[in-house]
Structure formats: structure tokens, C-alpha cells
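Structure file coords_23.cif (mmCIF, C-alpha atoms and all ligand atoms) is printed below.
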data_upload
#
loop_
_atom_site.group_PDB
_atom_site.id
_atom_site.type_symbol
_atom_site.label_atom_id
_atom_site.label_comp_id
_atom_site.auth_asym_id
_atom_site.auth_seq_id
_atom_site.Cartn_x
_atom_site.Cartn_y
_atom_site.Cartn_z
ATOM 1 C CA MET A 1 -48.099 -84.656 -39.017
ATOM 2 C CA LEU A 2 -48.839 -81.136 -37.800
ATOM 3 C CA ILE A 3 -52.538 -81.606 -38.365
ATOM 4 C CA GLU A 4 -52.468 -85.027 -36.707
ATOM 5 C CA ALA A 5 -50.624 -83.597 -33.707
ATOM 6 C CA ALA A 6 -52.902 -80.555 -33.462
ATOM 7 C CA LEU A 7 -56.014 -82.724 -33.487
ATOM 8 C CA LYS A 8 -54.676 -84.838 -30.602
ATOM 9 C CA GLU A 9 -53.343 -82.076 -28.390
ATOM 10 C CA GLU A 10 -55.490 -80.737 -25.583
ATOM 11 C CA GLY A 11 -55.976 -76.976 -25.779
ATOM 12 C CA ILE A 12 -54.872 -76.672 -29.401
ATOM 13 C CA VAL A 13 -57.466 -75.890 -32.051
ATOM 14 C CA LEU A 14 -56.812 -76.356 -35.753
ATOM 15 C CA ALA A 15 -58.230 -73.026 -36.911
ATOM 16 C CA ALA A 16 -57.308 -73.210 -40.593
ATOM 17 C CA ALA A 17 -55.087 -74.924 -43.143
ATOM 18 C CA PHE A 18 -53.891 -73.449 -46.385
ATOM 19 C CA ASP A 19 -52.026 -74.480 -49.492
ATOM 20 C CA ARG A 20 -51.122 -72.653 -52.643
ATOM 21 C CA PRO A 21 -54.220 -71.463 -54.545
ATOM 22 C CA GLY A 22 -55.310 -73.850 -57.287
ATOM 23 C CA THR A 23 -53.687 -77.026 -55.915
ATOM 24 C CA ALA A 24 -55.677 -80.263 -55.790
ATOM 25 C CA PHE A 25 -55.842 -80.112 -51.973
ATOM 26 C CA VAL A 26 -57.778 -76.848 -51.778
ATOM 27 C CA GLY A 27 -61.371 -77.485 -50.723
ATOM 28 C CA ARG A 28 -60.615 -80.827 -49.077
ATOM 29 C CA ASP A 29 -60.929 -81.505 -45.366
ATOM 30 C CA ALA A 30 -57.653 -80.792 -43.561
ATOM 31 C CA GLY A 31 -58.050 -83.990 -41.531
ATOM 32 C CA GLU A 32 -58.292 -86.243 -44.566
ATOM 33 C CA PHE A 33 -54.536 -86.958 -44.461
ATOM 34 C CA ALA A 34 -54.742 -87.873 -40.799
ATOM 35 C CA GLY A 35 -57.792 -90.077 -41.386
ATOM 36 C CA SER A 36 -60.269 -87.771 -39.658
ATOM 37 C CA VAL A 37 -62.902 -85.199 -40.479
ATOM 38 C CA THR A 38 -62.222 -81.782 -38.941
ATOM 39 C CA GLY A 39 -64.676 -79.555 -40.752
ATOM 40 C CA VAL A 40 -61.688 -77.302 -41.563
ATOM 41 C CA LEU A 41 -61.380 -77.087 -45.327
ATOM 42 C CA ILE A 42 -57.978 -76.380 -46.887
ATOM 43 C CA THR A 43 -58.107 -72.943 -48.410
ATOM 44 C CA GLY A 44 -55.958 -71.247 -51.035
ATOM 45 C CA ASP A 45 -56.427 -67.924 -49.251
ATOM 46 C CA ALA A 46 -53.457 -67.539 -46.900
ATOM 47 C CA ARG A 47 -54.651 -64.182 -45.572
ATOM 48 C CA GLN A 48 -58.041 -65.536 -44.588
ATOM 49 C CA ALA A 49 -56.449 -68.606 -42.988
ATOM 50 C CA ILE A 50 -53.924 -66.641 -40.931
ATOM 51 C CA ALA A 51 -56.588 -64.094 -39.914
ATOM 52 C CA SER A 52 -58.701 -66.866 -38.392
ATOM 53 C CA ALA A 53 -55.900 -68.232 -36.141
ATOM 54 C CA ASP A 54 -53.814 -67.021 -33.178
ATOM 55 C CA CYS A 55 -50.598 -68.471 -34.540
ATOM 56 C CA LEU A 56 -49.219 -69.393 -37.950
ATOM 57 C CA ILE A 57 -47.105 -72.574 -38.131
ATOM 58 C CA ASP A 58 -45.060 -72.580 -41.327
ATOM 59 C CA PHE A 59 -42.881 -75.318 -42.793
ATOM 60 C CA THR A 60 -42.656 -74.439 -46.487
ATOM 61 C CA ARG A 61 -39.808 -72.768 -48.396
ATOM 62 C CA PRO A 62 -38.101 -69.458 -47.559
ATOM 63 C CA GLU A 63 -40.021 -67.488 -50.197
ATOM 64 C CA GLY A 64 -43.368 -68.914 -49.036
ATOM 65 C CA THR A 65 -42.559 -68.389 -45.356
ATOM 66 C CA LEU A 66 -41.622 -64.750 -45.925
ATOM 67 C CA GLU A 67 -44.918 -64.103 -47.736
ATOM 68 C CA HIS A 68 -46.890 -65.762 -44.949
ATOM 69 C CA LEU A 69 -44.887 -63.972 -42.270
ATOM 70 C CA ALA A 70 -45.677 -60.614 -43.882
ATOM 71 C CA LEU A 71 -49.382 -61.465 -43.595
ATOM 72 C CA ALA A 72 -48.974 -62.565 -39.963
ATOM 73 C CA ARG A 73 -47.224 -59.271 -39.215
ATOM 74 C CA GLU A 74 -49.953 -57.245 -40.913
ATOM 75 C CA LEU A 75 -52.645 -59.183 -39.048
ATOM 76 C CA GLY A 76 -50.790 -59.094 -35.685
ATOM 77 C CA LYS A 77 -50.519 -62.890 -35.368
ATOM 78 C CA ALA A 78 -47.786 -65.010 -33.794
ATOM 79 C CA ALA A 79 -45.622 -67.224 -36.015
ATOM 80 C CA VAL A 80 -43.688 -70.472 -35.598
ATOM 81 C CA ILE A 81 -41.205 -70.927 -38.438
ATOM 82 C CA GLY A 82 -39.645 -74.324 -39.086
ATOM 83 C CA THR A 83 -38.504 -73.638 -42.630
ATOM 84 C CA THR A 84 -34.747 -73.795 -43.256
ATOM 85 C CA GLY A 85 -32.489 -72.522 -46.046
ATOM 86 C CA PHE A 86 -32.906 -68.755 -45.525
ATOM 87 C CA ASP A 87 -30.217 -66.402 -46.798
ATOM 88 C CA ALA A 88 -29.031 -63.448 -44.702
ATOM 89 C CA ALA A 89 -31.724 -61.161 -46.135
ATOM 90 C CA GLY A 90 -34.439 -63.682 -45.269
ATOM 91 C CA LYS A 91 -33.163 -64.001 -41.695
ATOM 92 C CA ALA A 92 -33.079 -60.217 -41.405
ATOM 93 C CA ALA A 93 -36.702 -60.024 -42.614
ATOM 94 C CA ILE A 94 -37.712 -62.508 -39.897
ATOM 95 C CA ALA A 95 -35.878 -60.444 -37.262
ATOM 96 C CA ARG A 96 -37.686 -57.294 -38.451
ATOM 97 C CA ALA A 97 -41.080 -58.995 -38.299
ATOM 98 C CA ALA A 98 -40.269 -60.135 -34.750
ATOM 99 C CA GLU A 99 -40.033 -56.492 -33.693
ATOM 100 C CA GLU A 100 -43.814 -56.378 -34.099
ATOM 101 C CA ILE A 101 -45.058 -59.932 -33.584
ATOM 102 C CA PRO A 102 -43.795 -62.881 -31.499
ATOM 103 C CA VAL A 103 -41.860 -65.424 -33.584
ATOM 104 C CA VAL A 104 -40.231 -68.774 -32.832
ATOM 105 C CA PHE A 105 -37.716 -69.503 -35.599
ATOM 106 C CA ALA A 106 -35.844 -72.766 -35.154
ATOM 107 C CA PRO A 107 -34.168 -75.175 -37.573
ATOM 108 C CA ASN A 108 -35.278 -78.132 -35.506
ATOM 109 C CA MET A 109 -38.304 -78.343 -33.207
ATOM 110 C CA ALA A 110 -37.438 -81.763 -31.751
ATOM 111 C CA VAL A 111 -36.642 -81.719 -28.018
ATOM 112 C CA GLY A 112 -33.820 -84.254 -28.504
ATOM 113 C CA VAL A 113 -32.017 -82.138 -31.075
ATOM 114 C CA ASN A 114 -32.250 -79.109 -28.815
ATOM 115 C CA ALA A 115 -30.783 -81.179 -25.987
ATOM 116 C CA VAL A 116 -27.926 -82.051 -28.352
ATOM 117 C CA PHE A 117 -27.275 -78.337 -28.976
ATOM 118 C CA LYS A 118 -26.633 -78.003 -25.233
ATOM 119 C CA LEU A 119 -24.462 -81.145 -25.137
ATOM 120 C CA LEU A 120 -22.391 -79.684 -27.958
ATOM 121 C CA GLU A 121 -21.616 -76.586 -25.910
ATOM 122 C CA VAL A 122 -20.217 -78.802 -23.160
ATOM 123 C CA ALA A 123 -18.303 -81.036 -25.598
ATOM 124 C CA ALA A 124 -16.790 -78.078 -27.437
ATOM 125 C CA ARG A 125 -15.715 -76.486 -24.166
ATOM 126 C CA ILE A 126 -13.911 -79.654 -23.040
ATOM 127 C CA LEU A 127 -12.526 -80.539 -26.482
ATOM 128 C CA SER A 128 -11.489 -77.036 -27.441
ATOM 129 C CA GLU A 129 -7.889 -77.926 -28.389
ATOM 130 C CA GLY A 130 -6.524 -80.746 -30.520
ATOM 131 C CA TYR A 131 -9.859 -81.937 -31.894
ATOM 132 C CA ASP A 132 -11.082 -81.435 -35.464
ATOM 133 C CA VAL A 133 -14.798 -80.694 -35.755
ATOM 134 C CA GLU A 134 -16.878 -82.206 -38.551
ATOM 135 C CA VAL A 135 -20.680 -82.119 -38.911
ATOM 136 C CA ILE A 136 -22.284 -84.965 -40.866
ATOM 137 C CA GLU A 137 -25.952 -85.045 -41.777
ATOM 138 C CA ALA A 138 -28.241 -87.365 -43.748
ATOM 139 C CA HIS A 139 -31.763 -86.680 -45.023
ATOM 140 C CA HIS A 140 -34.360 -88.038 -47.447
ATOM 141 C CA ARG A 141 -34.057 -87.566 -51.198
ATOM 142 C CA PHE A 142 -36.734 -84.831 -51.263
ATOM 143 C CA LYS A 143 -34.836 -82.320 -49.144
ATOM 144 C CA VAL A 144 -33.898 -79.234 -51.153
ATOM 145 C CA ASP A 145 -31.435 -77.370 -48.925
ATOM 146 C CA ALA A 146 -27.951 -78.398 -47.750
ATOM 147 C CA PRO A 147 -26.421 -78.562 -45.275
ATOM 148 C CA SER A 148 -29.559 -78.919 -43.164
ATOM 149 C CA GLY A 149 -30.539 -76.019 -40.953
ATOM 150 C CA THR A 150 -29.862 -78.252 -37.957
ATOM 151 C CA ALA A 151 -26.323 -79.076 -39.129
ATOM 152 C CA LEU A 152 -25.623 -75.384 -39.604
ATOM 153 C CA ARG A 153 -26.936 -74.596 -36.126
ATOM 154 C CA MET A 154 -24.750 -77.358 -34.679
ATOM 155 C CA GLY A 155 -21.785 -75.755 -36.436
ATOM 156 C CA GLU A 156 -22.788 -72.343 -35.060
ATOM 157 C CA VAL A 157 -23.091 -73.673 -31.510
ATOM 158 C CA VAL A 158 -19.623 -75.257 -31.628
ATOM 159 C CA ALA A 159 -18.046 -72.282 -33.418
ATOM 160 C CA ARG A 160 -19.463 -69.835 -30.845
ATOM 161 C CA GLN A 161 -18.171 -71.959 -27.973
ATOM 162 C CA LEU A 162 -14.716 -72.080 -29.613
ATOM 163 C CA GLY A 163 -14.677 -68.328 -30.296
ATOM 164 C CA ARG A 164 -14.800 -68.820 -34.068
ATOM 165 C CA ASP A 165 -17.026 -67.278 -36.732
ATOM 166 C CA LEU A 166 -18.746 -70.052 -38.716
ATOM 167 C CA ASP A 167 -18.888 -67.855 -41.827
ATOM 168 C CA GLN A 168 -15.085 -67.742 -41.741
ATOM 169 C CA CYS A 169 -14.283 -71.328 -40.768
ATOM 170 C CA ALA A 170 -16.937 -73.529 -42.460
ATOM 171 C CA ILE A 171 -15.863 -75.939 -45.209
ATOM 172 C CA TYR A 172 -18.833 -77.232 -47.203
ATOM 173 C CA GLY A 173 -17.540 -80.456 -48.790
ATOM 174 C CA ARG A 174 -14.078 -81.321 -50.169
ATOM 175 C CA GLU A 175 -12.846 -82.406 -53.579
ATOM 176 C CA GLY A 176 -9.497 -82.783 -55.332
ATOM 177 C CA VAL A 177 -6.159 -81.899 -53.762
ATOM 178 C CA THR A 178 -7.423 -80.010 -50.775
ATOM 179 C CA GLY A 179 -4.206 -79.860 -48.763
ATOM 180 C CA GLU A 180 -4.034 -80.816 -45.126
ATOM 181 C CA ARG A 181 -6.950 -79.966 -42.912
ATOM 182 C CA LYS A 182 -6.687 -76.580 -41.191
ATOM 183 C CA ALA A 183 -7.204 -76.925 -37.460
ATOM 184 C CA GLU A 184 -9.661 -74.046 -37.109
ATOM 185 C CA THR A 185 -12.063 -75.237 -39.829
ATOM 186 C CA ILE A 186 -15.447 -76.874 -39.232
ATOM 187 C CA GLY A 187 -16.333 -79.303 -42.023
ATOM 188 C CA PHE A 188 -19.818 -80.238 -43.242
ATOM 189 C CA SER A 189 -20.767 -83.446 -45.084
ATOM 190 C CA THR A 190 -24.193 -84.035 -46.561
ATOM 191 C CA ILE A 191 -25.863 -87.333 -47.476
ATOM 192 C CA ARG A 192 -29.190 -87.419 -49.348
ATOM 193 C CA GLY A 193 -31.126 -90.602 -49.988
ATOM 194 C CA GLY A 194 -34.356 -92.563 -49.666
ATOM 195 C CA ASP A 195 -36.552 -91.811 -46.705
ATOM 196 C CA VAL A 196 -33.974 -90.881 -44.041
ATOM 197 C CA VAL A 197 -35.952 -88.641 -41.671
ATOM 198 C CA GLY A 198 -32.883 -86.815 -40.345
ATOM 199 C CA ASP A 199 -29.564 -87.925 -38.849
ATOM 200 C CA HIS A 200 -26.982 -85.519 -37.441
ATOM 201 C CA THR A 201 -23.532 -86.276 -36.035
ATOM 202 C CA VAL A 202 -20.902 -83.897 -34.738
ATOM 203 C CA LEU A 203 -17.504 -85.555 -34.730
ATOM 204 C CA PHE A 204 -14.635 -84.317 -32.570
ATOM 205 C CA ALA A 205 -11.613 -86.102 -34.015
ATOM 206 C CA GLY A 206 -8.376 -86.065 -32.028
ATOM 207 C CA ILE A 207 -5.128 -88.027 -32.280
ATOM 208 C CA GLY A 208 -5.882 -91.433 -30.789
ATOM 209 C CA GLU A 209 -9.599 -90.943 -30.137
ATOM 210 C CA ARG A 210 -12.874 -89.749 -31.644
ATOM 211 C CA ILE A 211 -15.990 -88.493 -29.939
ATOM 212 C CA GLU A 212 -19.291 -88.534 -31.840
ATOM 213 C CA ILE A 213 -22.493 -86.894 -30.689
ATOM 214 C CA THR A 214 -25.397 -88.178 -32.774
ATOM 215 C CA HIS A 215 -29.122 -87.580 -33.022
ATOM 216 C CA LYS A 216 -31.346 -89.741 -35.240
ATOM 217 C CA SER A 217 -34.958 -88.952 -36.040
ATOM 218 C CA ALA A 218 -37.185 -91.971 -36.592
ATOM 219 C CA SER A 219 -40.371 -89.935 -37.109
ATOM 220 C CA ARG A 220 -41.377 -86.393 -38.002
ATOM 221 C CA MET A 221 -43.817 -86.279 -35.088
ATOM 222 C CA PRO A 222 -41.309 -84.609 -32.688
ATOM 223 C CA TYR A 223 -41.068 -81.681 -35.131
ATOM 224 C CA ALA A 224 -44.857 -81.345 -35.084
ATOM 225 C CA THR A 225 -45.285 -81.605 -31.313
ATOM 226 C CA GLY A 226 -42.342 -79.228 -30.821
ATOM 227 C CA SER A 227 -44.063 -76.708 -33.078
ATOM 228 C CA LEU A 228 -47.232 -76.874 -31.018
ATOM 229 C CA ARG A 229 -45.157 -76.348 -27.879
ATOM 230 C CA ALA A 230 -43.630 -73.295 -29.554
ATOM 231 C CA ALA A 231 -47.098 -71.971 -30.455
ATOM 232 C CA ARG A 232 -48.180 -72.306 -26.819
ATOM 233 C CA PHE A 233 -45.007 -70.491 -25.713
ATOM 234 C CA LEU A 234 -45.920 -67.535 -27.948
ATOM 235 C CA GLN A 235 -49.434 -67.221 -26.572
ATOM 236 C CA GLY A 236 -49.786 -63.923 -24.721
ATOM 237 C CA ARG A 237 -46.430 -62.536 -25.921
ATOM 238 C CA SER A 238 -46.483 -59.300 -27.864
ATOM 239 C CA ALA A 239 -43.248 -59.395 -29.904
ATOM 240 C CA GLY A 240 -39.755 -60.922 -29.985
ATOM 241 C CA LEU A 241 -37.580 -63.439 -31.775
ATOM 242 C CA PHE A 242 -37.240 -66.776 -29.991
ATOM 243 C CA ASP A 243 -35.940 -70.251 -30.767
ATOM 244 C CA MET A 244 -36.584 -73.696 -29.300
ATOM 245 C CA GLN A 245 -33.919 -73.131 -26.652
ATOM 246 C CA ASP A 246 -36.163 -70.327 -25.336
ATOM 247 C CA VAL A 247 -39.257 -72.517 -25.588
ATOM 248 C CA LEU A 248 -37.576 -75.326 -23.655
ATOM 249 C CA GLY A 249 -35.976 -73.002 -21.092
ATOM 250 C CA LEU A 250 -32.446 -74.025 -22.096
ATOM 251 C CA LYS A 251 -30.896 -70.547 -22.348
HETATM 252 N N1 LIG A 301 -37.622 -76.902 -37.971
HETATM 253 C C1 LIG A 301 -37.901 -78.211 -38.045
HETATM 254 O O1 LIG A 301 -38.043 -78.904 -37.023
HETATM 255 C C2 LIG A 301 -38.094 -78.829 -39.374
HETATM 256 C C3 LIG A 301 -37.896 -78.091 -40.492
HETATM 257 N N2 LIG A 301 -38.187 -78.598 -41.721
HETATM 258 C C4 LIG A 301 -38.061 -77.667 -42.824
HETATM 259 O O2 LIG A 301 -39.365 -77.330 -43.263
HETATM 260 C C5 LIG A 301 -39.350 -77.062 -44.660
HETATM 261 C C6 LIG A 301 -40.378 -77.929 -45.355
HETATM 262 O O3 LIG A 301 -39.936 -79.263 -45.304
HETATM 263 P P1 LIG A 301 -40.855 -80.456 -45.786
HETATM 264 O O4 LIG A 301 -42.117 -80.472 -44.999
HETATM 265 O O5 LIG A 301 -40.023 -81.679 -45.783
HETATM 266 O O6 LIG A 301 -41.113 -80.031 -47.289
HETATM 267 P P2 LIG A 301 -42.267 -80.458 -48.265
HETATM 268 O O7 LIG A 301 -41.764 -80.180 -49.626
HETATM 269 O O8 LIG A 301 -42.787 -81.802 -47.905
HETATM 270 O O9 LIG A 301 -43.443 -79.438 -47.916
HETATM 271 C C7 LIG A 301 -43.315 -78.086 -48.181
HETATM 272 C C8 LIG A 301 -44.708 -77.545 -48.398
HETATM 273 O O10 LIG A 301 -44.599 -76.146 -48.595
HETATM 274 C C9 LIG A 301 -45.321 -75.796 -49.759
HETATM 275 N N3 LIG A 301 -44.673 -74.647 -50.398
HETATM 276 C C10 LIG A 301 -43.474 -74.611 -51.008
HETATM 277 N N4 LIG A 301 -43.201 -73.378 -51.471
HETATM 278 C C11 LIG A 301 -44.253 -72.628 -51.144
HETATM 279 C C12 LIG A 301 -44.586 -71.265 -51.353
HETATM 280 N N5 LIG A 301 -43.741 -70.443 -51.988
HETATM 281 N N6 LIG A 301 -45.749 -70.816 -50.871
HETATM 282 C C13 LIG A 301 -46.581 -71.654 -50.226
HETATM 283 N N7 LIG A 301 -46.341 -72.937 -50.005
HETATM 284 C C14 LIG A 301 -45.190 -73.418 -50.447
HETATM 285 C C15 LIG A 301 -45.261 -77.024 -50.627
HETATM 286 O O11 LIG A 301 -46.313 -76.981 -51.552
HETATM 287 P P3 LIG A 301 -46.152 -77.666 -53.006
HETATM 288 O O12 LIG A 301 -46.173 -79.132 -52.753
HETATM 289 O O13 LIG A 301 -47.323 -77.128 -53.731
HETATM 290 O O14 LIG A 301 -44.823 -77.196 -53.541
HETATM 291 C C16 LIG A 301 -45.405 -78.135 -49.596
HETATM 292 O O15 LIG A 301 -46.761 -78.348 -49.268
HETATM 293 C C17 LIG A 301 -37.912 -77.301 -45.120
HETATM 294 O O16 LIG A 301 -37.235 -76.057 -45.112
HETATM 295 C C18 LIG A 301 -37.357 -78.210 -44.032
HETATM 296 O O17 LIG A 301 -35.966 -78.126 -43.918
HETATM 297 C C19 LIG A 301 -38.656 -79.859 -41.887
HETATM 298 C C20 LIG A 301 -38.833 -80.668 -40.810
HETATM 299 C C21 LIG A 301 -38.528 -80.230 -39.461
HETATM 300 O O1 LIG A 302 -36.027 -81.226 -44.384
HETATM 301 C C1 LIG A 302 -36.133 -81.963 -43.386
HETATM 302 O O2 LIG A 302 -36.689 -83.079 -43.425
HETATM 303 C C2 LIG A 302 -35.609 -81.475 -42.116
HETATM 304 N N1 LIG A 302 -35.172 -80.249 -42.066
HETATM 305 C C3 LIG A 302 -34.665 -79.575 -40.939
HETATM 306 C C4 LIG A 302 -33.243 -79.121 -41.176
HETATM 307 O O3 LIG A 302 -32.917 -78.681 -42.295
HETATM 308 O O4 LIG A 302 -32.440 -79.191 -40.245
HETATM 309 C C5 LIG A 302 -34.869 -80.324 -39.657
HETATM 310 C C6 LIG A 302 -34.814 -81.819 -39.778
HETATM 311 O O5 LIG A 302 -33.490 -82.218 -39.873
HETATM 312 C C7 LIG A 302 -35.633 -82.342 -40.929
#
Reformat the file's structure so that it appears as C-alpha cells.
Amino acid sequence: MLIEAALKEEGIVLAAAFDRPGTAFVGRDAGEFAGSVTGVLITGDARQAIASADCLIDFTRPEGTLEHLALARELGKAAVIGTTGFDAAGKAAIARAAEEIPVVFAPNMAVGVNAVFKLLEVAARILSEGYDVEVIEAHHRFKVDAPSGTALRMGEVVARQLGRDLDQCAIYGREGVTGERKAETIGFSTIRGGDVVGDHTVLFAGIGERIEITHKSASRMPYATGSLRAARFLQGRSAGLFDMQDVLGLK
């Protein structure tokens, strides 16, 4: 999707594409998957690939992203990170890298999801008392981290607005005799199955009414186009840690 989007977008050049060394894709044209010939061959040499570009766009796994980010830092290149599932140490490593290079790090690059983050601030402000907050997300069977990075960010946005610390109030699933729900908690429920691209709902449940704010992805293309928008945003910047709210001017 990223390659397809990059090939279509005016002013964006696909400089390189890389995969792990030794995989079957190395040596093949990067456009093959998008049904075109680009002349850019997939390489197993991440350093060489990152060196030949202005900006790294990385959607892999935390350990891969951190390796690639270290190369981007060394080479003085910008980075757009879409990978989710980082622990605190991983997030700290990204923040350190952003002291030297410009980085957009966002759990969801889609414009619609970022609009929802803003809507959640408003909803949480209005529904700050008497409403239980639950975050429900569904993704495809191949996803490896849970809850999704987007669900966690939604929880963070609501928690911040309500003056709570998500680390202290999050409940990740329930089982057995749990006791009554504590008012200050924020619950997370995860569904995994089939080819669900990504659904997120934040439920504000009161006595006598429920409010649901939902985003549903029907395609991964908005993640790809959002990433390219983020790469453009970084052009000409020297260092700093940004997210899609910065890119979209929503802060
Ligand atoms: N911010 C956003 O908008 C979005 C974020 N994501 C996040 O992006 C990440 C990737 O998701 P998705 O594309 O579905 O995952 P996939 O499994 O489809 O792709 C991940 C890719 O990363 C490669 N990879 C994995 N580990 C490493 C490593 N250590 N070094 C180098 N390459 C590695 C995999 O290679 P191999 O096949 O060889 O393992 C694979 O090509 C997830 O964290 C997901 O949550 C996804 C969509 C949108
Ligand atoms: O793994 C995915 O597919 C997605 N991951 C991101 C997340 O964890 O929030 C973004 C999107 O939901 C798709």
C-alpha cells in the first residue's frame, strides 16, 4: 500500500525499499506488488536503503523499527514510525532519537482516526461524570499486539481529559468474579478475526443512555497516504518528536 501510494503521489519519490536480508523478496522490483515496474529493487541492506532516502517510513515490529531508527539517526534522516506495541524503553529510545532527527510517531496515520481523537476530547469533557468509559477494538487475525496502539491512544486521550493516569486506571479484559465496575477505570476489549482492517469504538455508558464514537477502516490506504503526509511534514525540519495531530495541525 505504501509503495502504491508513493508511486501515485506527486512530489514523492520511492528512493528505496528494504526487507530482512535473505528473504524471497530481496532483489525483486518494489513495484511488483503494486503491479508496476519502478526500477527500485528490494534490498536486504537497510543502511544502504535509508542512506539513499530523505525519510524512512517504518511499519514493522518494535525491535525492527528501533534498529532502523538507529540507522536513520546515524545517517541524519527523518523517520515516520507507524509501528505499535512499544514498551516504555522503546518509546524512550524513539524520544531520544528525536532529539537529533525529526520523527513522526503515531499509532494511526488515518485522518479520520485523528479526527476521532479530537472528538473524544470534547466527548470526555462533556461526559466527565456518571459515564463509564470502555474502548473496544477489532482487527484481523494477523495482528500481534493488543490492545491496538490506536485503542491505547484513545484511552490516553480520554484519561488525560478526565485528569486520570491511564497506567493507573486501565483494565485490560475481565474474567471471573470481577466485582462491580469501578467508576474511574477505563476498560479495553479486543477482538481478533479474519480480515478486519481496524474498528475502534469508545463507549461512554451512563444510566439510561450510551454514547458510542466509532471509526471503521475499510482499507489500509489511509494509513499509507497519512504516512506520506507525515514524511512531507518532516521535510526541512531538523529534529523533534511529532505525531499525526501535529501533521494535521490539530494541536
Ligand atoms: N500507525 C498506523 O497507521 C498503522 C500501524 N500499523 C502497525 O504497523 C506494524 C506492522 O503492521 P502490519 O503491516 O500489519 O504487519 P505485517 O506483519 O504485515 O508487516 C510487518 C513487516 O515488518 C517486517 N518485520 C518484522 N520484524 C522485523 C524486523 N525485526 N526487522 C525488519 N523487518 C521486520 C515483516 O517481515 P517478515 O514478513 O519477514 O516478518 C513484515 O514485512 C504493526 O505494529 C501495526 O500495528 C499498521 C497499520 C497502520
Ligand atoms: O495492525 C494493524 O492492522 C493496525 N495497527 C494500528 C494499531 O495498532 O492501532 C493501526 C490500525 O488500527 C491498524
>> So the first atom is atom CA of A:Arg160 and the second is atom CA of A:Glu209; what is the distance between them in Å, to one decimal place?
In response: 23.3 Å
>> With the PyMOL selection byres (((not hetatm)) within 8 of (chain A and resi 301)) as the selection, what would be picked from this file? Answer as a ChimeraX atom specification, please.
In response: /A:19-20,23,58-65,67-68,81-85,105-110,142-145,148-150,220,222-224,226-227
Taking C-alpha atoms for each residue, export the selection above as a PDB file, in the frame of the given file.
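For reference, part.pdb as written:
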ATOM      1  CA  ASP A  19     -52.026 -74.480 -49.492  1.00  0.00           C
ATOM      2  CA  ARG A  20     -51.122 -72.653 -52.643  1.00  0.00           C
ATOM      3  CA  THR A  23     -53.687 -77.026 -55.915  1.00  0.00           C
ATOM      4  CA  ASP A  58     -45.060 -72.580 -41.327  1.00  0.00           C
ATOM      5  CA  PHE A  59     -42.881 -75.318 -42.793  1.00  0.00           C
ATOM      6  CA  THR A  60     -42.656 -74.439 -46.487  1.00  0.00           C
ATOM      7  CA  ARG A  61     -39.808 -72.768 -48.396  1.00  0.00           C
ATOM      8  CA  PRO A  62     -38.101 -69.458 -47.559  1.00  0.00           C
ATOM      9  CA  GLU A  63     -40.021 -67.488 -50.197  1.00  0.00           C
ATOM     10  CA  GLY A  64     -43.368 -68.914 -49.036  1.00  0.00           C
ATOM     11  CA  THR A  65     -42.559 -68.389 -45.356  1.00  0.00           C
ATOM     12  CA  GLU A  67     -44.918 -64.103 -47.736  1.00  0.00           C
ATOM     13  CA  HIS A  68     -46.890 -65.762 -44.949  1.00  0.00           C
ATOM     14  CA  ILE A  81     -41.205 -70.927 -38.438  1.00  0.00           C
ATOM     15  CA  GLY A  82     -39.645 -74.324 -39.086  1.00  0.00           C
ATOM     16  CA  THR A  83     -38.504 -73.638 -42.630  1.00  0.00           C
ATOM     17  CA  THR A  84     -34.747 -73.795 -43.256  1.00  0.00           C
ATOM     18  CA  GLY A  85     -32.489 -72.522 -46.046  1.00  0.00           C
ATOM     19  CA  PHE A 105     -37.716 -69.503 -35.599  1.00  0.00           C
ATOM     20  CA  ALA A 106     -35.844 -72.766 -35.154  1.00  0.00           C
ATOM     21  CA  PRO A 107     -34.168 -75.175 -37.573  1.00  0.00           C
ATOM     22  CA  ASN A 108     -35.278 -78.132 -35.506  1.00  0.00           C
ATOM     23  CA  MET A 109     -38.304 -78.343 -33.207  1.00  0.00           C
ATOM     24  CA  ALA A 110     -37.438 -81.763 -31.751  1.00  0.00           C
ATOM     25  CA  PHE A 142     -36.734 -84.831 -51.263  1.00  0.00           C
ATOM     26  CA  LYS A 143     -34.836 -82.320 -49.144  1.00  0.00           C
ATOM     27  CA  VAL A 144     -33.898 -79.234 -51.153  1.00  0.00           C
ATOM     28  CA  ASP A 145     -31.435 -77.370 -48.925  1.00  0.00           C
ATOM     29  CA  SER A 148     -29.559 -78.919 -43.164  1.00  0.00           C
ATOM     30  CA  GLY A 149     -30.539 -76.019 -40.953  1.00  0.00           C
ATOM     31  CA  THR A 150     -29.862 -78.252 -37.957  1.00  0.00           C
ATOM     32  CA  ARG A 220     -41.377 -86.393 -38.002  1.00  0.00           C
ATOM     33  CA  PRO A 222     -41.309 -84.609 -32.688  1.00  0.00           C
ATOM     34  CA  TYR A 223     -41.068 -81.681 -35.131  1.00  0.00           C
ATOM     35  CA  ALA A 224     -44.857 -81.345 -35.084  1.00  0.00           C
ATOM     36  CA  GLY A 226     -42.342 -79.228 -30.821  1.00  0.00           C
ATOM     37  CA  SER A 227     -44.063 -76.708 -33.078  1.00  0.00           C
TER      38      SER A 227
END
>> Between atom CA of A:Phe233 and atom CA of A:Glu121, what is the distance in Å, rounded to a tenth?
In response: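 That distance, rounded to one decimal, is 24.2 Å.
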> Between A:Leu152, A:Val247, A:Ala53, A:Ile94, which has the minimum distance to ligand LIG 302 (chain A) (counting all atoms listed in the file)?
Replying inline: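 Among the listed residues, A:Leu152 lies closest to ligand LIG 302 (chain A).
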> Which neighbours of stretch 236-246 of chain A fall inside 7 Å, counting only C-alpha atoms, when residues of the same chain fewer than 6 positions from it are skipped, and could you give them as an MDAnalysis selection string?
Replying inline: chainID A and resid 95 98:106 109 114
